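Chemist: Contents of run_20.pdb (PDB, C-alpha atoms) are given next:
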MODEL        1
ATOM      1  CA  MET A  19      -6.356 -21.184  33.218
ATOM      2  CA  GLU A  20      -3.959 -19.258  35.437
ATOM      3  CA  ASN A  21      -1.812 -18.364  32.416
ATOM      4  CA  GLU A  22      -4.797 -17.006  30.448
ATOM      5  CA  LYS A  23      -5.852 -14.752  33.322
ATOM      6  CA  GLU A  24      -2.299 -13.480  33.639
ATOM      7  CA  VAL A  25      -2.200 -12.727  29.888
ATOM      8  CA  GLN A  26      -5.550 -10.911  30.027
ATOM      9  CA  GLY A  27      -4.200  -8.632  32.716
ATOM     10  CA  ASN A  28      -1.052  -7.857  30.705
ATOM     11  CA  ALA A  29      -2.519  -7.824  27.169
ATOM     12  CA  LYS A  30      -1.195  -4.328  26.467
ATOM     13  CA  GLU A  31       2.364  -5.493  27.182
ATOM     14  CA  LEU A  32       2.304  -8.434  24.752
ATOM     15  CA  PRO A  33       4.356  -8.096  21.569
ATOM     16  CA  VAL A  34       2.572  -7.639  18.243
ATOM     17  CA  LEU A  35       3.271 -10.181  15.500
ATOM     18  CA  GLY A  36       4.659  -7.512  13.162
ATOM     19  CA  ASP A  37       7.250  -6.624  15.809
ATOM     20  CA  ILE A  38       8.309 -10.261  16.268
ATOM     21  CA  LEU A  39       8.770 -11.289  12.634
ATOM     22  CA  PRO A  40      11.753 -10.038  10.640
ATOM     23  CA  LYS A  41      10.949  -7.080   8.426
ATOM     24  CA  ALA A  42      10.872  -7.653   4.686
ATOM     25  CA  PRO A  43      13.368  -5.522   2.799
ATOM     26  CA  GLN A  44      11.712  -2.440   1.364
ATOM     27  CA  VAL A  45      12.512  -1.525  -2.226
ATOM     28  CA  LEU A  46      11.109   1.108  -4.534
ATOM     29  CA  GLU A  47       9.238   2.575  -1.570
ATOM     30  CA  ASP A  48       8.478   5.828  -3.369
ATOM     31  CA  LEU A  49       6.393   4.041  -6.038
ATOM     32  CA  THR A  50       2.758   3.003  -5.861
ATOM     33  CA  PRO A  51       2.147  -0.755  -6.114
ATOM     34  CA  ILE A  52      -0.091  -1.887  -8.947
ATOM     35  CA  ASP A  53      -2.021  -5.158  -9.075
ATOM     36  CA  LYS A  54      -0.593  -7.505 -11.692
ATOM     37  CA  GLU A  55      -4.152  -8.361 -12.798
ATOM     38  CA  LYS A  56      -4.334  -4.857 -14.288
ATOM     39  CA  LEU A  57      -1.172  -5.507 -16.312
ATOM     40  CA  VAL A  58      -2.162  -8.686 -18.162
ATOM     41  CA  ASN A  59      -1.712  -8.367 -21.945
ATOM     42  CA  LYS A  60      -0.302  -4.848 -21.622
ATOM     43  CA  GLU A  61       3.080  -3.680 -22.827
ATOM     44  CA  LEU A  62       5.318  -2.801 -19.889
ATOM     45  CA  THR A  63       8.569  -0.894 -19.879
ATOM     46  CA  ILE A  64      10.801  -2.370 -17.195
ATOM     47  CA  PHE A  65      13.282   0.072 -15.649
ATOM     48  CA  GLU A  66      14.533  -1.634 -12.505
ATOM     49  CA  MET A  67      14.344  -5.078 -10.873
ATOM     50  CA  HIS A  68      15.054  -6.262  -7.345
ATOM     51  CA  PHE A  69      15.130  -9.959  -6.451
ATOM     52  CA  LEU A  70      14.306 -10.868  -2.861
ATOM     53  CA  PRO A  71      14.110 -14.181  -1.025
ATOM     54  CA  SER A  72      10.662 -15.749  -0.994
ATOM     55  CA  GLY A  73       9.113 -17.452   1.982
ATOM     56  CA  TYR A  74       7.931 -20.320  -0.224
ATOM     57  CA  GLY A  75      11.134 -22.263  -0.720
ATOM     58  CA  LYS A  76      14.801 -22.347   0.189
ATOM     59  CA  ASP A  77      16.104 -20.950  -3.103
ATOM     60  CA  GLU A  78      12.911 -19.274  -4.343
ATOM     61  CA  LYS A  79      12.841 -15.560  -5.099
ATOM     62  CA  PHE A  80      10.318 -12.943  -6.086
ATOM     63  CA  ALA A  81      10.853  -9.731  -8.018
ATOM     64  CA  VAL A  82       9.850  -6.160  -7.257
ATOM     65  CA  VAL A  83       9.903  -4.350 -10.585
ATOM     66  CA  LYS A  84       9.725  -0.666 -11.514
ATOM     67  CA  ILE A  85       7.516  -0.443 -14.584
ATOM     68  CA  MET A  86       5.797   2.049 -16.807
ATOM     69  CA  VAL A  87       2.413   1.141 -18.258
ATOM     70  CA  ASP A  88      -0.022   3.508 -19.947
ATOM     71  CA  GLY A  89       2.362   6.382 -19.219
ATOM     72  CA  GLU A  90       2.412   5.818 -15.434
ATOM     73  CA  VAL A  91       5.388   4.588 -13.409
ATOM     74  CA  ASN A  92       4.547   2.095 -10.647
ATOM     75  CA  LYS A  93       5.957  -1.024  -9.041
ATOM     76  CA  VAL A  94       4.683  -4.571  -9.240
ATOM     77  CA  THR A  95       5.600  -7.676  -7.256
ATOM     78  CA  LEU A  96       5.989 -10.818  -9.337
ATOM     79  CA  GLY A  97       6.524 -14.233  -7.810
ATOM     80  CA  SER A  98       5.976 -16.565 -10.743
ATOM     81  CA  ARG A  99       9.033 -18.787 -11.170
ATOM     82  CA  ALA A 100       8.651 -18.431 -14.963
ATOM     83  CA  ILE A 101       8.898 -14.641 -14.704
ATOM     84  CA  VAL A 102      11.643 -14.489 -12.082
ATOM     85  CA  ASP A 103      13.817 -16.942 -14.033
ATOM     86  CA  LYS A 104      13.493 -14.856 -17.211
ATOM     87  CA  LEU A 105      14.073 -11.519 -15.490
ATOM     88  CA  GLN A 106      17.197 -12.793 -13.746
ATOM     89  CA  LYS A 107      18.693 -13.627 -17.150
ATOM     90  CA  VAL A 108      18.352 -10.080 -18.506
ATOM     91  CA  PRO A 109      21.785  -8.428 -18.765
ATOM     92  CA  VAL A 110      22.023  -5.128 -16.889
ATOM     93  CA  ASP A 111      23.043  -3.304 -20.074
ATOM     94  CA  LYS A 112      19.690  -4.294 -21.687
ATOM     95  CA  ILE A 113      17.609  -2.457 -19.066
ATOM     96  CA  PRO A 114      15.220  -0.720 -19.706
ATOM     97  CA  PHE A 115      13.302  -3.090 -21.974
ATOM     98  CA  LYS A 116       9.735  -3.821 -23.020
ATOM     99  CA  ALA A 117       7.748  -6.932 -22.146
ATOM    100  CA  THR A 118       4.160  -8.126 -21.938
ATOM    101  CA  LEU A 119       2.650  -9.839 -18.900
ATOM    102  CA  VAL A 120       0.530 -12.833 -19.935
ATOM    103  CA  THR A 121      -1.281 -15.725 -18.288
ATOM    104  CA  ARG A 122      -0.701 -19.310 -19.315
ATOM    105  CA  LYS A 123      -2.308 -22.608 -18.409
ATOM    106  CA  SER A 124      -0.079 -25.472 -17.345
ATOM    107  CA  GLN A 125      -0.653 -28.535 -19.483
ATOM    108  CA  GLU A 126       0.593 -30.667 -16.623
ATOM    109  CA  SER A 127      -1.468 -29.391 -13.691
ATOM    110  CA  GLY A 128      -4.108 -27.279 -15.421
ATOM    111  CA  ARG A 129      -3.361 -24.306 -13.185
ATOM    112  CA  THR A 130      -3.051 -20.779 -14.562
ATOM    113  CA  TYR A 131       0.163 -18.856 -13.960
ATOM    114  CA  TYR A 132       1.761 -15.553 -14.966
ATOM    115  CA  ASP A 133       4.539 -15.337 -17.531
ATOM    116  CA  ILE A 134       6.312 -12.569 -19.386
ATOM    117  CA  GLU A 135       7.269 -12.313 -23.022
TER     118      GLU A 135
ENDMDL
END
Just give me the structure as C-alpha cells.
Modeler:
Amino acid sequence: MENEKEVQGNAKELPVLGDILPKAPQVLEDLTPIDKEKLVNKELTIFEMHFLPSGYGKDEKFAVVKIMVDGEVNKVTLGSRAIVDKLQKVPVDKIPFKATLVTRKSQESGRTYYDIE
C-alpha cells in the first residue's frame, strides 16, 4: 500500500511504455500506409522491400513494401511467412515487379492467410 501511494504522488515522473521499449526501425516514412485488406486480388507494382525482425519468433521477419496500386504509391506491412519467404527470393535486378495479393485457406488448420502470386 505504501508503494502505491508513493507512485500516485510521483505519477508524472514515471516512464511511459513507449519510452521504455526499443523503437522499431522506421522505413519508407514518407509514404502513407495502406491496409492490406484493400489490396486483396489487386495487381501491385512492388518497387522496394525492407525486411525487419518480427517479435513473433527468433528468425521470423516481416516486410515493409513500397507499392503502387490503382496509380497511387503507398507502403504496406506484410507479415505472412508465405509472402516474406517469396519476397526474400526476388533478385534485386528483378525489382520493380508486379504481383497480386491473395488470401488462401490452409488445408491443415483451416485458417485464412495472405499470399502473393
Chemist: If you apply the PyMOL selection byres ((chain A and resi 86) around 8) to this file, what residues do you get, as a PyMOL selection string?
Modeler: chain A and resi 62-65+84-85+87-92
Chemist: As a PyMOL selection string, please: the residues near A:Ile101 (cut-off 9 Å, only C-alpha atoms, same-chain neighbours under 6 positions excluded).
Modeler: chain A and resi 80-81+119+132-135
Chemist: Considering all atoms listed in the file, can you say which of A:Lys54, A:Lys76, A:Lys60, A:His68 comes closest to A:Val110?
Modeler: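 Answer, going by the shortest atom-to-atom distance: A:His68.
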Chemist: Given only C-alpha atoms as the basis, pick out the residue of A:Thr50, A:Gln44, A:Thr121, A:Asn59 nearest to A:Ser98.
Modeler: A:Thr121
Chemist: Quick one: pull the distance between atom CA of A:Arg99 and atom CA of A:Tyr131, Å, one decimal.
Modeler: 9.3 Å
Chemist: For a quick check of understanding, using only C-alpha atoms, which of A:Pro33, A:Asp77, A:Phe69, A:Val82 has the smallest distance to A:Leu46?
Modeler: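 Once distances to A:Leu46 are computed over only C-alpha atoms, the minimum belongs to A:Val82.
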Chemist: Which residues come within 10 Å of A:Asp53, counting all atoms listed in the file, excluding same-chain residues fewer than 4 positions away, as a PyMOL selection string?
Modeler: chain A and resi 57-58+92-96
Chemist: Distance atom CA of A:Lys112-atom CA of A:Glu66, one decimal place?
Modeler: 10.9 Å
Chemist: For A:Leu105, which of A:Glu31, A:Glu61, A:Lys79, A:Lys123 is the closest residue, counting only C-alpha atoms?
Modeler: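 Residue with the minimum atom-to-atom distance to A:Leu105: A:Lys79.
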Chemist: Separation of atom CA of A:Glu78 and atom CA of A:Asp103, in Å?
Modeler: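 Taking atom CA of A:Glu78 as the start and atom CA of A:Asp103 as the end point, the length is 10.0 Å.
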Chemist: Please return the centre and edge lengths, in Å to one decimal, of a box with edges along x, y and z that contains all listed atoms of stretch 51-61 of chain A, widened by 6 Å on every side, as lines of an AutoDock Vina configuration file.
Modeler:
center_x = -0.6
center_y = -4.7
center_z = -14.5
size_x = 19.4
size_y = 19.9
size_z = 28.7
Chemist: Using all atoms listed in the file, pick whichever of A:Leu32, A:Asp37, A:Lys104, A:Gly97 has the shortest atom-to-atom distance to A:Ala117.
Modeler: A:Lys104
Chemist: Between A:Met67, A:Val120, A:Ile38, A:Leu49, single out the one closest to A:Ala100, counting all atoms listed in the file.
Modeler: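 Answer, going by the shortest atom-to-atom distance: A:Val120.
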